[in-house]
file entry.cif (mmCIF, C-alpha atoms)
data_data
#
loop_
_atom_site.group_PDB
_atom_site.id
_atom_site.type_symbol
_atom_site.label_atom_id
_atom_site.label_comp_id
_atom_site.auth_asym_id
_atom_site.auth_seq_id
_atom_site.Cartn_x
_atom_site.Cartn_y
_atom_site.Cartn_z
ATOM 1 C CA MET M 10 -30.768 -0.461 -18.189
ATOM 2 C CA ASN M 11 -27.186 -0.523 -16.975
ATOM 3 C CA THR M 12 -26.261 -3.758 -15.208
ATOM 4 C CA PRO M 13 -23.701 -3.221 -12.457
ATOM 5 C CA LEU M 14 -20.403 -4.944 -12.975
ATOM 6 C CA PRO M 15 -19.705 -7.917 -10.717
ATOM 7 C CA ARG M 16 -17.021 -6.594 -8.368
ATOM 8 C CA CYS M 17 -15.205 -7.847 -5.308
ATOM 9 C CA ARG M 18 -17.441 -7.848 -2.226
ATOM 10 C CA TRP M 19 -15.637 -4.891 -0.612
ATOM 11 C CA ALA M 20 -16.214 -2.664 -3.662
ATOM 12 C CA GLN M 21 -19.903 -3.180 -4.356
ATOM 13 C CA THR M 22 -21.634 -0.316 -2.569
ATOM 14 C CA ASP M 23 -19.459 2.808 -2.690
ATOM 15 C CA PRO M 24 -18.599 4.846 -5.823
ATOM 16 C CA THR M 25 -15.240 5.907 -4.322
ATOM 17 C CA GLN M 26 -14.252 2.286 -3.916
ATOM 18 C CA TRP M 27 -15.691 1.329 -7.322
ATOM 19 C CA ALA M 28 -13.306 3.692 -9.070
ATOM 20 C CA TYR M 29 -10.328 2.521 -7.013
ATOM 21 C CA HIS M 30 -11.245 -1.140 -7.541
ATOM 22 C CA ASP M 31 -11.934 -0.792 -11.259
ATOM 23 C CA HIS M 32 -8.805 1.205 -12.145
ATOM 24 C CA GLU M 33 -6.131 0.653 -9.482
ATOM 25 C CA TRP M 34 -6.614 -2.257 -7.087
ATOM 26 C CA GLY M 35 -4.914 -5.345 -8.409
ATOM 27 C CA VAL M 36 -3.176 -3.595 -11.306
ATOM 28 C CA PRO M 37 0.473 -4.725 -11.275
ATOM 29 C CA VAL M 38 2.748 -1.923 -10.049
ATOM 30 C CA ARG M 39 6.431 -2.079 -10.943
ATOM 31 C CA ASP M 40 7.557 1.439 -10.091
ATOM 32 C CA SER M 41 9.579 1.444 -6.852
ATOM 33 C CA ARG M 42 8.342 4.827 -5.626
ATOM 34 C CA THR M 43 4.706 3.943 -6.286
ATOM 35 C CA LEU M 44 5.132 0.618 -4.501
ATOM 36 C CA TRP M 45 6.674 2.424 -1.534
ATOM 37 C CA GLU M 46 3.892 5.021 -1.412
ATOM 38 C CA ASN M 47 1.270 2.283 -1.516
ATOM 39 C CA LEU M 48 3.024 0.412 1.312
ATOM 40 C CA ILE M 49 2.917 3.552 3.441
ATOM 41 C CA LEU M 50 -0.765 4.113 2.700
ATOM 42 C CA ASP M 51 -1.535 0.478 3.522
ATOM 43 C CA SER M 52 0.271 0.847 6.838
ATOM 44 C CA PHE M 53 -1.837 3.912 7.661
ATOM 45 C CA GLN M 54 -4.957 1.905 6.816
ATOM 46 C CA ALA M 55 -4.303 -0.629 9.597
ATOM 47 C CA GLY M 56 -7.321 -0.601 11.896
ATOM 48 C CA LEU M 57 -9.316 1.681 9.588
ATOM 49 C CA SER M 58 -11.378 1.297 6.446
ATOM 50 C CA TRP M 59 -9.630 1.604 3.104
ATOM 51 C CA ARG M 60 -12.275 4.161 2.125
ATOM 52 C CA THR M 61 -10.906 6.458 4.849
ATOM 53 C CA ILE M 62 -7.437 6.295 3.302
ATOM 54 C CA LEU M 63 -8.771 6.821 -0.223
ATOM 55 C CA LEU M 64 -10.584 9.970 0.863
ATOM 56 C CA LYS M 65 -7.409 11.264 2.543
ATOM 57 C CA ARG M 66 -4.905 10.107 -0.097
ATOM 58 C CA GLU M 67 -4.317 13.556 -1.621
ATOM 59 C CA ALA M 68 -3.914 15.067 1.843
ATOM 60 C CA PHE M 69 -1.328 12.381 2.619
ATOM 61 C CA ARG M 70 0.542 13.191 -0.596
ATOM 62 C CA ARG M 71 0.577 16.875 0.297
ATOM 63 C CA ALA M 72 1.554 16.326 3.945
ATOM 64 C CA PHE M 73 4.338 13.884 3.057
ATOM 65 C CA GLU M 74 5.705 16.007 0.182
ATOM 66 C CA GLY M 75 4.662 13.646 -2.598
ATOM 67 C CA PHE M 76 5.947 10.657 -0.640
ATOM 68 C CA ASP M 77 9.508 11.592 -1.534
ATOM 69 C CA PRO M 78 11.596 9.190 0.592
ATOM 70 C CA SER M 79 14.664 11.469 0.488
ATOM 71 C CA ARG M 80 12.668 14.294 2.074
ATOM 72 C CA ILE M 81 10.783 12.118 4.551
ATOM 73 C CA ALA M 82 14.011 10.445 5.729
ATOM 74 C CA LEU M 83 15.142 13.847 7.034
ATOM 75 C CA TYR M 84 12.007 14.465 9.105
ATOM 76 C CA GLY M 85 12.514 15.270 12.741
ATOM 77 C CA GLU M 86 10.341 16.074 15.730
ATOM 78 C CA SER M 87 9.006 19.330 14.272
ATOM 79 C CA ASP M 88 7.820 17.437 11.177
ATOM 80 C CA ILE M 89 6.181 14.798 13.347
ATOM 81 C CA GLU M 90 4.355 17.532 15.263
ATOM 82 C CA ARG M 91 3.308 19.197 11.992
ATOM 83 C CA LEU M 92 1.891 15.902 10.757
ATOM 84 C CA MET M 93 0.189 15.201 14.090
ATOM 85 C CA ALA M 94 -1.609 18.540 13.732
ATOM 86 C CA ASP M 95 -2.748 17.856 10.147
ATOM 87 C CA SER M 96 -6.437 16.922 10.279
ATOM 88 C CA GLY M 97 -6.328 15.870 6.622
ATOM 89 C CA ILE M 98 -4.388 12.686 7.403
ATOM 90 C CA VAL M 99 -4.537 9.879 9.936
ATOM 91 C CA ARG M 100 -2.748 11.306 12.961
ATOM 92 C CA SER M 101 -0.947 8.358 14.466
ATOM 93 C CA ARG M 102 2.502 9.042 15.897
ATOM 94 C CA GLN M 103 3.405 5.358 15.556
ATOM 95 C CA LYS M 104 2.467 5.293 11.859
ATOM 96 C CA ILE M 105 4.170 8.627 11.158
ATOM 97 C CA THR M 106 7.442 7.546 12.793
ATOM 98 C CA ALA M 107 7.220 4.232 10.931
ATOM 99 C CA THR M 108 6.921 6.181 7.666
ATOM 100 C CA ILE M 109 10.110 8.091 8.473
ATOM 101 C CA ARG M 110 11.907 4.887 9.384
ATOM 102 C CA ASN M 111 10.625 3.221 6.221
ATOM 103 C CA ALA M 112 11.873 6.106 4.091
ATOM 104 C CA ARG M 113 15.324 5.602 5.592
ATOM 105 C CA ALA M 114 15.169 1.837 5.006
ATOM 106 C CA TYR M 115 14.037 2.381 1.411
ATOM 107 C CA LEU M 116 16.958 4.752 0.794
ATOM 108 C CA THR M 117 19.413 2.335 2.421
ATOM 109 C CA MET M 118 18.283 -0.359 -0.001
ATOM 110 C CA GLN M 119 18.720 2.099 -2.867
ATOM 111 C CA ASP M 120 22.176 3.127 -1.620
ATOM 112 C CA ASN M 121 23.137 -0.551 -1.497
ATOM 113 C CA GLY M 122 22.122 -0.969 -5.136
ATOM 114 C CA GLU M 123 18.937 -2.867 -4.327
ATOM 115 C CA ASP M 124 15.924 -1.874 -6.400
ATOM 116 C CA PHE M 125 12.790 -1.893 -4.241
ATOM 117 C CA SER M 126 10.530 -3.098 -7.042
ATOM 118 C CA ALA M 127 12.851 -5.948 -8.043
ATOM 119 C CA PHE M 128 13.139 -6.942 -4.383
ATOM 120 C CA VAL M 129 9.356 -7.000 -3.870
ATOM 121 C CA TRP M 130 8.587 -8.820 -7.104
ATOM 122 C CA SER M 131 11.260 -11.448 -6.373
ATOM 123 C CA PHE M 132 8.843 -12.958 -3.842
ATOM 124 C CA THR M 133 6.575 -14.026 -6.725
ATOM 125 C CA ASP M 134 9.308 -14.870 -9.263
ATOM 126 C CA ASN M 135 8.673 -11.520 -10.959
ATOM 127 C CA GLN M 136 5.150 -12.524 -12.002
ATOM 128 C CA PRO M 137 1.714 -11.687 -10.615
ATOM 129 C CA ILE M 138 0.276 -14.745 -8.936
ATOM 130 C CA LYS M 139 -3.349 -15.747 -8.725
ATOM 131 C CA GLY M 140 -4.646 -15.831 -5.211
ATOM 132 C CA HIS M 141 -7.646 -17.869 -4.176
ATOM 133 C CA GLY M 142 -10.133 -15.306 -5.418
ATOM 134 C CA ASP M 143 -10.921 -14.276 -1.880
ATOM 135 C CA SER M 144 -9.989 -10.621 -1.473
ATOM 136 C CA GLY M 145 -10.820 -10.963 2.228
ATOM 137 C CA ASN M 146 -8.033 -13.475 2.894
ATOM 138 C CA PRO M 147 -5.787 -11.651 5.399
ATOM 139 C CA ARG M 148 -2.469 -13.426 4.755
ATOM 140 C CA SER M 149 -0.387 -15.284 2.205
ATOM 141 C CA PRO M 150 2.931 -17.141 2.249
ATOM 142 C CA GLN M 151 4.406 -14.399 0.036
ATOM 143 C CA GLY M 152 3.168 -11.666 2.378
ATOM 144 C CA ASP M 153 4.533 -13.498 5.408
ATOM 145 C CA ALA M 154 7.969 -13.932 3.793
ATOM 146 C CA LEU M 155 8.119 -10.363 2.473
ATOM 147 C CA SER M 156 7.067 -8.955 5.841
ATOM 148 C CA LEU M 157 10.034 -10.686 7.504
ATOM 149 C CA ALA M 158 12.424 -9.560 4.763
ATOM 150 C CA LEU M 159 11.258 -5.941 5.035
ATOM 151 C CA LYS M 160 11.724 -6.002 8.812
ATOM 152 C CA LYS M 161 15.268 -7.362 8.357
ATOM 153 C CA ARG M 162 15.965 -4.337 6.155
ATOM 154 C CA GLY M 163 14.787 -1.940 8.853
ATOM 155 C CA PHE M 164 11.160 -1.373 7.863
ATOM 156 C CA SER M 165 8.499 -1.167 10.549
ATOM 157 C CA PHE M 166 4.709 -1.380 10.666
ATOM 158 C CA VAL M 167 4.911 -3.989 7.903
ATOM 159 C CA GLY M 168 3.276 -7.025 9.479
ATOM 160 C CA PRO M 169 2.085 -9.911 7.316
ATOM 161 C CA VAL M 170 -1.532 -8.706 7.137
ATOM 162 C CA ILE M 171 -0.490 -5.209 5.986
ATOM 163 C CA VAL M 172 1.996 -6.635 3.491
ATOM 164 C CA HIS M 173 -0.532 -9.102 2.073
ATOM 165 C CA ALA M 174 -3.113 -6.319 1.592
ATOM 166 C CA TRP M 175 -0.424 -4.254 -0.115
ATOM 167 C CA LEU M 176 0.510 -7.145 -2.438
ATOM 168 C CA GLN M 177 -3.158 -7.464 -3.378
ATOM 169 C CA ALA M 178 -3.535 -3.729 -3.969
ATOM 170 C CA CYS M 179 -0.392 -3.578 -6.127
ATOM 171 C CA GLY M 180 -1.413 -6.502 -8.319
ATOM 172 C CA ILE M 181 1.383 -8.749 -7.146
ATOM 173 C CA ILE M 182 -1.247 -11.152 -5.866
ATOM 174 C CA ASN M 183 -4.441 -11.166 -7.933
ATOM 175 C CA ASP M 184 -7.069 -11.759 -5.293
ATOM 176 C CA HIS M 185 -10.083 -10.359 -7.070
ATOM 177 C CA ASP M 186 -13.112 -12.380 -6.045
ATOM 178 C CA ALA M 187 -13.783 -15.383 -8.282
ATOM 179 C CA THR M 188 -16.888 -13.669 -9.726
ATOM 180 C CA CYS M 189 -15.272 -10.226 -10.162
ATOM 181 C CA PHE M 190 -14.984 -8.866 -13.694
ATOM 182 C CA ARG M 191 -11.325 -7.993 -12.966
ATOM 183 C CA ARG M 192 -10.323 -11.526 -11.924
ATOM 184 C CA THR M 193 -9.098 -12.549 -15.370
ATOM 185 C CA GLY M 194 -7.613 -9.168 -16.294
#

call {"tool": "encode", "arguments": {"input": "entry.cif", "output": "C-alpha cells"}}
result
Amino acid sequence: MNTPLPRCRWAQTDPTQWAYHDHEWGVPVRDSRTLWENLILDSFQAGLSWRTILLKREAFRRAFEGFDPSRIALYGESDIERLMADSGIVRSRQKITATIRNARAYLTMQDNGEDFSAFVWSFTDNQPIKGHGDSGNPRSPQGDALSLALKKRGFSFVGPVIVHAWLQACGIINDHDATCFRRTG
C-alpha cells in the first residue's frame, strides 16, 4: 500500500496542488524572468485560491505572450480590453494594469543595470532562509522590506502578503510545514 507523503497542509487533498507543491513550490528560483512571472501570478492570486491560478497558468502565459516584459510594457487600452475579454485568465483591470506597470518597472531596473534576481535575493543575503515551518504565515520581515523596495521602483500590487507568498513559492523562504517531506530539501 502506498503511504501518502506528508505535505504542507494546503497541498494535502488536491492532485493539482500535490504536483505543484512536490516539484515547484519552495524550489529556489534564480532566473529573473521566472521570478517576475511568478510575482505576476502571485499578484493575480490575491483574493483567490492558488488552485485557480494553477489551472489558469497556461492561459495566462498565452494571454500575456509568455510573460515577456518587453512586450507587456507596450500594452495599451486595446490590450487591456483583449485581456478583460479573455475568460481563460482572471479578468481584473486593476491586476492587468499592475502587470503592465510592473513590466515597465522590471525593464527600468534592467535598463539601469540592476538584475531582478540579484535584487530579490539580496533581501536574504543571497541564500534561502528557513521560515518557521508554517506555510500559512502571511508575512515576513523580508517580504515587508522587499514589498517597500519594489514599490519604490515603481511596482504595484506588491503588498507584503503577496510578496511573502511569492518568496515562499520561489524558495527564497523555505516555509514548508515542519512535518512536510520537502522541509529539509

call {"tool": "resolve_selection", "arguments": {"input": "entry.cif", "expression": "the PyMOL selection byres ((chain M and resi 161-170) around 7)", "output": "PyMOL selection string"}}
result
chain M and resi 52+107+110-111+114+147-148+152-153+156-160+171-174

call {"tool": "resolve_selection", "arguments": {"input": "entry.cif", "expression": "the PyMOL selection byres ((chain M and resi 108) around 10)", "output": "PyMOL selection string"}}
result
chain M and resi 45-46+48-50+52-53+73+76+78+81-82+84+102-107+109-114+164-166

call {"tool": "resolve_selection", "arguments": {"input": "entry.cif", "expression": "the PyMOL selection byres ((chain M and resi 12-23) around 7)", "output": "PyMOL selection string"}}
result
chain M and resi 10-11+24-27+30+185-186+188-190

call {"tool": "closest_residue", "arguments": {"input": "entry.cif", "among": "M:Gly56, M:Gly122, M:Gly97, M:Pro37", "to": "Arg71 (chain M)", "atoms": "only C-alpha atoms"}}
result
M:Gly97

call {"tool": "residues_around", "arguments": {"input": "entry.cif", "residues": "region 33-36 of chain M", "least_positions_apart": "4", "cutoff": "9 Å", "atoms": "only C-alpha atoms", "output": "ChimeraX atom specification"}}
result
/M:28-29,176-185,191-192,194

call {"tool": "closest_residue", "arguments": {"input": "entry.cif", "among": "M:Thr117, M:Thr193, M:Arg70, M:Gly75", "to": "Ile138 (chain M)", "atoms": "only C-alpha atoms"}}
result
M:Thr193

call {"tool": "atom_distance", "arguments": {"input": "entry.cif", "atom1": "CA of Ile62 (chain M)", "atom2": "CA of Arg39 (chain M)"}}
result
21.6 Å

call {"tool": "atom_distance", "arguments": {"input": "entry.cif", "atom1": "CA of Ala68 (chain M)", "atom2": "CA of Ile89 (chain M)"}}
result
15.3 Å

call {"tool": "residues_near_point", "arguments": {"input": "entry.cif", "point": "(11.5, 4.0, -5.3)", "cutoff": "10 Å", "atoms": "only C-alpha atoms", "output": "ChimeraX atom specification"}}
result
/M:39-46,76-79,112,115-116,118-119,124-126

call {"tool": "axis_aligned_box", "arguments": {"input": "entry.cif", "around": "region 12-18 of chain M", "padding_each_side": "4 Å", "output": "JSON"}}
result
{"center_x": -20.7, "center_y": -5.6, "center_z": -8.7, "size_x": 19.1, "size_y": 12.7, "size_z": 21.0}

call {"tool": "closest_residue", "arguments": {"input": "entry.cif", "among": "M:Asp88, M:Thr133, M:Asn47, M:Val38", "to": "Trp175 (chain M)", "atoms": "all atoms listed in the file"}}
result
M:Asn47

call {"tool": "residues_around", "arguments": {"input": "entry.cif", "residues": "Ile98 (chain M)", "least_positions_apart": "6", "cutoff": "9 Å", "atoms": "all atoms listed in the file", "output": "mmCIF file with C-alpha atoms, in the frame of the given file"}}
result
data_model
loop_
_atom_site.group_PDB
_atom_site.id
_atom_site.type_symbol
_atom_site.label_atom_id
_atom_site.label_comp_id
_atom_site.auth_asym_id
_atom_site.auth_seq_id
_atom_site.Cartn_x
_atom_site.Cartn_y
_atom_site.Cartn_z
ATOM 1 C CA ILE M 62 -7.437 6.295 3.302
ATOM 2 C CA LYS M 65 -7.409 11.264 2.543
ATOM 3 C CA ARG M 66 -4.905 10.107 -0.097
ATOM 4 C CA ALA M 68 -3.914 15.067 1.843
ATOM 5 C CA PHE M 69 -1.328 12.381 2.619
ATOM 6 C CA ALA M 72 1.554 16.326 3.945
ATOM 7 C CA LEU M 92 1.891 15.902 10.757
#

call {"tool": "atom_distance", "arguments": {"input": "entry.cif", "atom1": "CA of Gln54 (chain M)", "atom2": "CA of Ala94 (chain M)"}}
result
18.3 Å

call {"tool": "decode", "arguments": {"input": "entry.cif", "residues": "region 182-193 of chain M", "atoms": "all heavy atoms", "output": "PDB file, in the first residue's frame"}}
result
ATOM      1  N   ILE M 182      12.174  31.850   0.798  1.00  0.00           N
ATOM      2  CA  ILE M 182      11.867  31.498   2.182  1.00  0.00           C
ATOM      3  C   ILE M 182      11.299  30.079   2.163  1.00  0.00           C
ATOM      4  O   ILE M 182      10.293  29.828   1.511  1.00  0.00           O
ATOM      5  CB  ILE M 182      10.849  32.474   2.814  1.00  0.00           C
ATOM      6  CG1 ILE M 182      11.434  33.889   2.896  1.00  0.00           C
ATOM      7  CG2 ILE M 182      10.426  31.972   4.201  1.00  0.00           C
ATOM      8  CD1 ILE M 182      10.468  34.923   3.440  1.00  0.00           C
ATOM      9  N   ASN M 183      11.980  29.169   2.844  1.00  0.00           N
ATOM     10  CA  ASN M 183      11.502  27.785   2.930  1.00  0.00           C
ATOM     11  C   ASN M 183      10.503  27.719   4.071  1.00  0.00           C
ATOM     12  O   ASN M 183      10.881  27.655   5.234  1.00  0.00           O
ATOM     13  CB  ASN M 183      12.668  26.823   3.165  1.00  0.00           C
ATOM     14  CG  ASN M 183      12.209  25.380   3.304  1.00  0.00           C
ATOM     15  OD1 ASN M 183      11.027  25.083   3.473  1.00  0.00           O
ATOM     16  ND2 ASN M 183      13.160  24.472   3.237  1.00  0.00           N
ATOM     17  N   ASP M 184       9.241  27.734   3.725  1.00  0.00           N
ATOM     18  CA  ASP M 184       8.190  27.679   4.730  1.00  0.00           C
ATOM     19  C   ASP M 184       7.353  26.414   4.607  1.00  0.00           C
ATOM     20  O   ASP M 184       6.166  26.410   4.960  1.00  0.00           O
ATOM     21  CB  ASP M 184       7.284  28.917   4.639  1.00  0.00           C
ATOM     22  CG  ASP M 184       7.497  29.867   5.801  1.00  0.00           C
ATOM     23  OD1 ASP M 184       8.119  29.466   6.798  1.00  0.00           O
ATOM     24  OD2 ASP M 184       7.043  31.016   5.712  1.00  0.00           O
ATOM     25  N   HIS M 185       7.972  25.348   4.109  1.00  0.00           N
ATOM     26  CA  HIS M 185       7.261  24.075   4.143  1.00  0.00           C
ATOM     27  C   HIS M 185       6.937  23.762   5.595  1.00  0.00           C
ATOM     28  O   HIS M 185       7.739  24.049   6.498  1.00  0.00           O
ATOM     29  CB  HIS M 185       8.108  22.952   3.529  1.00  0.00           C
ATOM     30  CG  HIS M 185       8.155  22.989   2.044  1.00  0.00           C
ATOM     31  ND1 HIS M 185       7.123  22.499   1.267  1.00  0.00           N
ATOM     32  CD2 HIS M 185       9.086  23.462   1.187  1.00  0.00           C
ATOM     33  CE1 HIS M 185       7.428  22.659  -0.011  1.00  0.00           C
ATOM     34  NE2 HIS M 185       8.614  23.241  -0.076  1.00  0.00           N
ATOM     35  N   ASP M 186       5.764  23.192   5.821  1.00  0.00           N
ATOM     36  CA  ASP M 186       5.364  22.828   7.169  1.00  0.00           C
ATOM     37  C   ASP M 186       6.448  21.970   7.824  1.00  0.00           C
ATOM     38  O   ASP M 186       7.164  21.222   7.139  1.00  0.00           O
ATOM     39  CB  ASP M 186       4.036  22.052   7.164  1.00  0.00           C
ATOM     40  CG  ASP M 186       2.839  22.919   6.817  1.00  0.00           C
ATOM     41  OD1 ASP M 186       2.970  24.162   6.762  1.00  0.00           O
ATOM     42  OD2 ASP M 186       1.761  22.337   6.598  1.00  0.00           O
ATOM     43  N   ALA M 187       6.548  22.043   9.128  1.00  0.00           N
ATOM     44  CA  ALA M 187       7.588  21.319   9.861  1.00  0.00           C
ATOM     45  C   ALA M 187       7.547  19.817   9.600  1.00  0.00           C
ATOM     46  O   ALA M 187       8.592  19.159   9.618  1.00  0.00           O
ATOM     47  CB  ALA M 187       7.452  21.603  11.350  1.00  0.00           C
ATOM     48  N   THR M 188       6.376  19.261   9.300  1.00  0.00           N
ATOM     49  CA  THR M 188       6.258  17.819   9.059  1.00  0.00           C
ATOM     50  C   THR M 188       6.296  17.456   7.575  1.00  0.00           C
ATOM     51  O   THR M 188       6.213  16.281   7.227  1.00  0.00           O
ATOM     52  CB  THR M 188       4.948  17.293   9.665  1.00  0.00           C
ATOM     53  OG1 THR M 188       3.861  18.004   9.092  1.00  0.00           O
ATOM     54  CG2 THR M 188       4.954  17.455  11.180  1.00  0.00           C
ATOM     55  N   CYS M 189       6.432  18.427   6.705  1.00  0.00           N
ATOM     56  CA  CYS M 189       6.424  18.195   5.253  1.00  0.00           C
ATOM     57  C   CYS M 189       7.717  17.516   4.797  1.00  0.00           C
ATOM     58  O   CYS M 189       8.809  17.877   5.247  1.00  0.00           O
ATOM     59  CB  CYS M 189       6.249  19.530   4.530  1.00  0.00           C
ATOM     60  SG  CYS M 189       6.286  19.376   2.725  1.00  0.00           S
ATOM     61  N   PHE M 190       7.579  16.584   3.876  1.00  0.00           N
ATOM     62  CA  PHE M 190       8.759  15.872   3.368  1.00  0.00           C
ATOM     63  C   PHE M 190       9.710  16.797   2.634  1.00  0.00           C
ATOM     64  O   PHE M 190      10.896  16.490   2.488  1.00  0.00           O
ATOM     65  CB  PHE M 190       8.337  14.685   2.476  1.00  0.00           C
ATOM     66  CG  PHE M 190       8.014  15.041   1.051  1.00  0.00           C
ATOM     67  CD1 PHE M 190       8.958  14.891   0.041  1.00  0.00           C
ATOM     68  CD2 PHE M 190       6.750  15.517   0.707  1.00  0.00           C
ATOM     69  CE1 PHE M 190       8.667  15.208  -1.273  1.00  0.00           C
ATOM     70  CE2 PHE M 190       6.449  15.828  -0.596  1.00  0.00           C
ATOM     71  CZ  PHE M 190       7.399  15.674  -1.593  1.00  0.00           C
ATOM     72  N   ARG M 191       9.254  17.969   2.193  1.00  0.00           N
ATOM     73  CA  ARG M 191      10.108  18.914   1.467  1.00  0.00           C
ATOM     74  C   ARG M 191      10.817  19.902   2.389  1.00  0.00           C
ATOM     75  O   ARG M 191      11.626  20.705   1.948  1.00  0.00           O
ATOM     76  CB  ARG M 191       9.269  19.710   0.460  1.00  0.00           C
ATOM     77  CG  ARG M 191       8.634  18.911  -0.663  1.00  0.00           C
ATOM     78  CD  ARG M 191       9.540  18.649  -1.859  1.00  0.00           C
ATOM     79  NE  ARG M 191      10.415  19.741  -2.195  1.00  0.00           N
ATOM     80  CZ  ARG M 191      10.060  20.828  -2.892  1.00  0.00           C
ATOM     81  NH1 ARG M 191       8.842  21.002  -3.323  1.00  0.00           N
ATOM     82  NH2 ARG M 191      10.942  21.765  -3.166  1.00  0.00           N
ATOM     83  N   ARG M 192      10.518  19.893   3.653  1.00  0.00           N
ATOM     84  CA  ARG M 192      11.077  20.878   4.593  1.00  0.00           C
ATOM     85  C   ARG M 192      12.596  20.878   4.588  1.00  0.00           C
ATOM     86  O   ARG M 192      13.215  21.928   4.606  1.00  0.00           O
ATOM     87  CB  ARG M 192      10.559  20.594   6.010  1.00  0.00           C
ATOM     88  CG  ARG M 192      11.133  21.487   7.088  1.00  0.00           C
ATOM     89  CD  ARG M 192      10.570  22.871   7.019  1.00  0.00           C
ATOM     90  NE  ARG M 192      11.088  23.669   8.138  1.00  0.00           N
ATOM     91  CZ  ARG M 192      11.013  24.952   8.183  1.00  0.00           C
ATOM     92  NH1 ARG M 192      10.415  25.623   7.231  1.00  0.00           N
ATOM     93  NH2 ARG M 192      11.507  25.615   9.190  1.00  0.00           N
ATOM     94  N   THR M 193      13.215  19.721   4.562  1.00  0.00           N
ATOM     95  CA  THR M 193      14.676  19.666   4.641  1.00  0.00           C
ATOM     96  C   THR M 193      15.339  19.796   3.288  1.00  0.00           C
ATOM     97  O   THR M 193      16.527  20.039   3.207  1.00  0.00           O
ATOM     98  CB  THR M 193      15.145  18.350   5.300  1.00  0.00           C
ATOM     99  OG1 THR M 193      14.656  17.266   4.528  1.00  0.00           O
ATOM    100  CG2 THR M 193      14.660  18.256   6.727  1.00  0.00           C
TER     101      THR M 193
END
